[in-house]
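Trainee: Structure file upload_6.cif (mmCIF, N, CA and C atoms) right here:
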data_run
#
loop_
_atom_site.label_atom_id
_atom_site.label_comp_id
_atom_site.auth_asym_id
_atom_site.auth_seq_id
_atom_site.Cartn_x
_atom_site.Cartn_y
_atom_site.Cartn_z
N MET A 1 133.15 193.17 -89.61
CA MET A 1 133.68 191.84 -89.68
C MET A 1 132.59 190.79 -89.57
N THR A 2 131.59 191.02 -88.75
CA THR A 2 130.54 190.02 -88.59
C THR A 2 129.71 189.86 -89.86
N ALA A 3 129.65 190.88 -90.69
CA ALA A 3 128.91 190.76 -91.94
C ALA A 3 129.55 189.73 -92.86
N ASP A 4 130.87 189.60 -92.81
CA ASP A 4 131.58 188.62 -93.64
C ASP A 4 131.34 187.18 -93.17
N LEU A 5 130.93 186.99 -91.94
CA LEU A 5 130.77 185.66 -91.38
C LEU A 5 129.40 185.05 -91.65
N GLY A 6 128.45 185.85 -92.06
CA GLY A 6 127.10 185.35 -92.26
C GLY A 6 126.28 185.54 -91.00
N GLU A 7 124.97 185.42 -91.14
CA GLU A 7 124.07 185.68 -90.02
C GLU A 7 124.25 184.68 -88.88
N ASP A 8 124.41 183.39 -89.19
CA ASP A 8 124.52 182.38 -88.14
C ASP A 8 125.76 182.59 -87.29
N ARG A 9 126.88 182.82 -87.93
CA ARG A 9 128.13 183.00 -87.18
C ARG A 9 128.15 184.34 -86.45
N ALA A 10 127.49 185.34 -87.00
CA ALA A 10 127.46 186.65 -86.35
C ALA A 10 126.72 186.57 -85.02
N ALA A 11 125.73 185.68 -84.91
CA ALA A 11 124.97 185.53 -83.68
C ALA A 11 125.75 184.75 -82.63
N TRP A 12 126.83 184.09 -83.02
CA TRP A 12 127.63 183.24 -82.14
C TRP A 12 128.97 183.94 -81.93
N SER A 13 129.15 184.61 -80.80
CA SER A 13 130.36 185.39 -80.57
C SER A 13 131.56 184.49 -80.31
N THR A 14 132.73 185.08 -80.38
CA THR A 14 133.96 184.34 -80.08
C THR A 14 133.94 183.83 -78.65
N GLN A 15 133.46 184.65 -77.73
CA GLN A 15 133.38 184.23 -76.33
C GLN A 15 132.45 183.03 -76.17
N THR A 16 131.32 183.06 -76.84
CA THR A 16 130.38 181.94 -76.77
C THR A 16 130.99 180.68 -77.35
N GLU A 17 131.70 180.80 -78.46
CA GLU A 17 132.36 179.64 -79.06
C GLU A 17 133.42 179.07 -78.12
N LEU A 18 134.20 179.93 -77.48
CA LEU A 18 135.21 179.45 -76.55
C LEU A 18 134.58 178.75 -75.34
N LEU A 19 133.48 179.29 -74.84
CA LEU A 19 132.79 178.64 -73.73
C LEU A 19 132.23 177.28 -74.15
N ALA A 20 131.73 177.19 -75.36
CA ALA A 20 131.23 175.91 -75.87
C ALA A 20 132.36 174.91 -76.00
N GLN A 21 133.52 175.37 -76.45
CA GLN A 21 134.68 174.48 -76.56
C GLN A 21 135.11 173.98 -75.18
N VAL A 22 135.12 174.87 -74.19
CA VAL A 22 135.48 174.47 -72.83
C VAL A 22 134.49 173.44 -72.31
N ARG A 23 133.21 173.67 -72.54
CA ARG A 23 132.18 172.72 -72.10
C ARG A 23 132.39 171.36 -72.75
N ASP A 24 132.67 171.34 -74.05
CA ASP A 24 132.89 170.08 -74.77
C ASP A 24 134.12 169.35 -74.24
N LEU A 25 135.19 170.08 -73.97
CA LEU A 25 136.42 169.46 -73.47
C LEU A 25 136.25 168.91 -72.06
N ILE A 26 135.51 169.62 -71.22
CA ILE A 26 135.24 169.11 -69.87
C ILE A 26 134.38 167.85 -69.95
N ALA A 27 133.40 167.84 -70.83
CA ALA A 27 132.56 166.65 -70.99
C ALA A 27 133.40 165.47 -71.47
N GLN A 28 134.33 165.71 -72.39
CA GLN A 28 135.21 164.64 -72.86
C GLN A 28 136.12 164.14 -71.75
N ALA A 29 136.66 165.06 -70.96
CA ALA A 29 137.54 164.67 -69.85
C ALA A 29 136.77 163.84 -68.82
N ASN A 30 135.55 164.24 -68.51
CA ASN A 30 134.73 163.48 -67.57
C ASN A 30 134.42 162.09 -68.12
N TRP A 31 134.13 162.01 -69.43
CA TRP A 31 133.86 160.72 -70.05
C TRP A 31 135.09 159.83 -70.00
N LEU A 32 136.25 160.40 -70.29
CA LEU A 32 137.49 159.63 -70.26
C LEU A 32 137.77 159.10 -68.86
N PHE A 33 137.57 159.94 -67.85
CA PHE A 33 137.77 159.51 -66.47
C PHE A 33 136.80 158.40 -66.10
N ALA A 34 135.53 158.58 -66.45
CA ALA A 34 134.52 157.56 -66.14
C ALA A 34 134.81 156.25 -66.87
N SER A 35 135.28 156.35 -68.11
CA SER A 35 135.62 155.15 -68.89
C SER A 35 136.79 154.41 -68.27
N ALA A 36 137.78 155.14 -67.79
CA ALA A 36 138.97 154.52 -67.22
C ALA A 36 138.69 153.89 -65.85
N HIS A 37 137.67 154.38 -65.15
CA HIS A 37 137.39 153.90 -63.79
C HIS A 37 136.06 153.16 -63.70
N ARG A 38 135.58 152.61 -64.78
CA ARG A 38 134.27 151.96 -64.78
C ARG A 38 134.29 150.56 -64.22
N GLY A 39 135.46 149.98 -64.07
CA GLY A 39 135.53 148.60 -63.60
C GLY A 39 135.01 147.65 -64.67
N ARG A 40 134.12 146.76 -64.30
CA ARG A 40 133.58 145.79 -65.25
C ARG A 40 132.23 146.23 -65.82
N GLY A 41 131.79 147.40 -65.48
CA GLY A 41 130.50 147.88 -65.96
C GLY A 41 130.56 148.29 -67.42
N PRO A 42 129.41 148.64 -67.97
CA PRO A 42 129.37 149.06 -69.37
C PRO A 42 130.05 150.42 -69.56
N GLU A 43 130.53 150.63 -70.76
CA GLU A 43 131.18 151.90 -71.06
C GLU A 43 130.13 153.01 -71.07
N PRO A 44 130.42 154.13 -70.44
CA PRO A 44 129.46 155.24 -70.45
C PRO A 44 129.32 155.80 -71.87
N PRO A 45 128.16 156.37 -72.17
CA PRO A 45 127.98 156.94 -73.52
C PRO A 45 128.90 158.13 -73.74
N ARG A 46 129.40 158.24 -74.96
CA ARG A 46 130.25 159.38 -75.30
C ARG A 46 129.43 160.67 -75.25
N PRO A 47 130.04 161.75 -74.80
CA PRO A 47 129.30 163.02 -74.74
C PRO A 47 129.08 163.59 -76.14
N GLU A 48 127.95 164.21 -76.31
CA GLU A 48 127.64 164.90 -77.57
C GLU A 48 128.15 166.33 -77.47
N PRO A 49 128.77 166.84 -78.52
CA PRO A 49 129.20 168.24 -78.49
C PRO A 49 127.99 169.17 -78.47
N LEU A 50 128.18 170.30 -77.87
CA LEU A 50 127.13 171.31 -77.84
C LEU A 50 126.83 171.75 -79.27
N PRO A 51 125.57 171.75 -79.68
CA PRO A 51 125.26 172.16 -81.06
C PRO A 51 125.65 173.62 -81.30
N ARG A 52 126.20 173.86 -82.46
CA ARG A 52 126.56 175.21 -82.87
C ARG A 52 125.49 175.71 -83.84
N PRO A 53 125.19 177.01 -83.82
CA PRO A 53 124.15 177.52 -84.72
C PRO A 53 124.52 177.42 -86.19
N PHE A 54 125.79 177.30 -86.51
CA PHE A 54 126.21 177.24 -87.90
C PHE A 54 126.45 175.81 -88.36
N ASP A 55 126.22 174.80 -87.50
CA ASP A 55 126.31 173.39 -87.90
C ASP A 55 124.95 172.93 -88.37
N ASP A 56 124.88 172.49 -89.58
CA ASP A 56 123.58 172.01 -90.10
C ASP A 56 123.60 170.53 -90.33
#
Now that the file is in, can you turn its structure into structure tokens?
Mentor:
Amino acid sequence: MTADLGEDRAAWSTQTELLAQVRDLIAQANWLFASAHRGRGPEPPRPEPLPRPFDD
């Protein structure tokens, strides 16, 4: 099955992708919380998603 996905995707397991998704969602949730509770200060920078090996 990994041969059908190409070399880049084969190096990135399903477990690794799920962990990256969890990391991205936690970063978004933290950003949303910080944005909602910032008071009059500047908006915090939006989190960048974790780079994937198959994103060019």
Trainee: Using Å and a single decimal, report how far atom CA of A:Ala34 sits from atom N of A:Pro47.
Mentor: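 These atoms are spaced 10.6 Å apart.
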Trainee: So how far away is atom C of A:Ala29 from atom CA of A:Glu17, in Å?
Mentor: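 Atom C of A:Ala29 lies 19.3 Å from atom CA of A:Glu17.
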Trainee: Determine the residue set returned by the PyMOL selection byres ((chain A and resi 50) around 6.5) for the present structure, and present it as a short mmCIF file (atom, residue, chain, number, x, y, z; two decimals) with N, CA and C atoms, in the frame of the given file.
Mentor:
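Contents of expr.cif, freshly written:
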data_model
loop_
_atom_site.label_atom_id
_atom_site.label_comp_id
_atom_site.auth_asym_id
_atom_site.auth_seq_id
_atom_site.Cartn_x
_atom_site.Cartn_y
_atom_site.Cartn_z
N ALA A 20 131.73 177.19 -75.36
CA ALA A 20 131.23 175.91 -75.87
C ALA A 20 132.36 174.91 -76.00
N ASP A 24 132.67 171.34 -74.05
CA ASP A 24 132.89 170.08 -74.77
C ASP A 24 134.12 169.35 -74.24
N GLU A 48 127.95 164.21 -76.31
CA GLU A 48 127.64 164.90 -77.57
C GLU A 48 128.15 166.33 -77.47
N PRO A 49 128.77 166.84 -78.52
CA PRO A 49 129.20 168.24 -78.49
C PRO A 49 127.99 169.17 -78.47
N PRO A 51 125.57 171.75 -79.68
CA PRO A 51 125.26 172.16 -81.06
C PRO A 51 125.65 173.62 -81.30
N ARG A 52 126.20 173.86 -82.46
CA ARG A 52 126.56 175.21 -82.87
C ARG A 52 125.49 175.71 -83.84
#
Trainee: Please report, as a ChimeraX atom specification, each residue of chain A to which DSSP assigns alpha helix (DSSP H) when run on this structure's backbone.
Mentor: /A:2-5,7-10,14-36
Trainee: In Å, how far is it from atom C of A:Ala11 to atom CA of A:Pro53?
Mentor: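 If I compute the distance from atom C of A:Ala11 to atom CA of A:Pro53, I get 7.7 Å.
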Trainee: Evaluate the PyMOL selection byres (((chain A and resi 44-46 and name CA) around 9) and name CA) and record the selected residues as a CSV table (one decimal) with N, CA and C atoms, keeping the file's coordinate frame, following the chain and residue labels used in the document.
Mentor:
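selection25.csv was written with the following content:
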chain,number,residue,atom,x,y,z
A,27,ALA,N,133.4,167.8,-70.8
A,27,ALA,CA,132.6,166.6,-71.0
A,27,ALA,C,133.4,165.5,-71.5
A,28,GLN,N,134.3,165.7,-72.4
A,28,GLN,CA,135.2,164.6,-72.9
A,28,GLN,C,136.1,164.1,-71.8
A,31,TRP,N,134.1,162.0,-69.4
A,31,TRP,CA,133.9,160.7,-70.0
A,31,TRP,C,135.1,159.8,-70.0
A,32,LEU,N,136.2,160.4,-70.3
A,32,LEU,CA,137.5,159.6,-70.3
A,32,LEU,C,137.8,159.1,-68.9
A,34,ALA,N,135.5,158.6,-66.4
A,34,ALA,CA,134.5,157.6,-66.1
A,34,ALA,C,134.8,156.2,-66.9
A,35,SER,N,135.3,156.4,-68.1
A,35,SER,CA,135.6,155.2,-68.9
A,35,SER,C,136.8,154.4,-68.3
A,38,ARG,N,135.6,152.6,-64.8
A,38,ARG,CA,134.3,152.0,-64.8
A,38,ARG,C,134.3,150.6,-64.2
A,41,GLY,N,131.8,147.4,-65.5
A,41,GLY,CA,130.5,147.9,-66.0
A,41,GLY,C,130.6,148.3,-67.4
A,42,PRO,N,129.4,148.6,-68.0
A,42,PRO,CA,129.4,149.1,-69.4
A,42,PRO,C,130.0,150.4,-69.6
A,43,GLU,N,130.5,150.6,-70.8
A,43,GLU,CA,131.2,151.9,-71.1
A,43,GLU,C,130.1,153.0,-71.1
A,47,PRO,N,130.0,161.8,-74.8
A,47,PRO,CA,129.3,163.0,-74.7
A,47,PRO,C,129.1,163.6,-76.1
A,48,GLU,N,128.0,164.2,-76.3
A,48,GLU,CA,127.6,164.9,-77.6
A,48,GLU,C,128.2,166.3,-77.5
Trainee: Find the axis-aligned box for stretch 38-56 of chain A, covering all its listed atoms and adding 6 Å on each side, and write its centre and edge lengths in Å to one decimal as JSON.
Mentor:
{"center_x": 129.6, "center_y": 161.7, "center_z": -77.0, "size_x": 24.0, "size_y": 43.7, "size_z": 38.7}
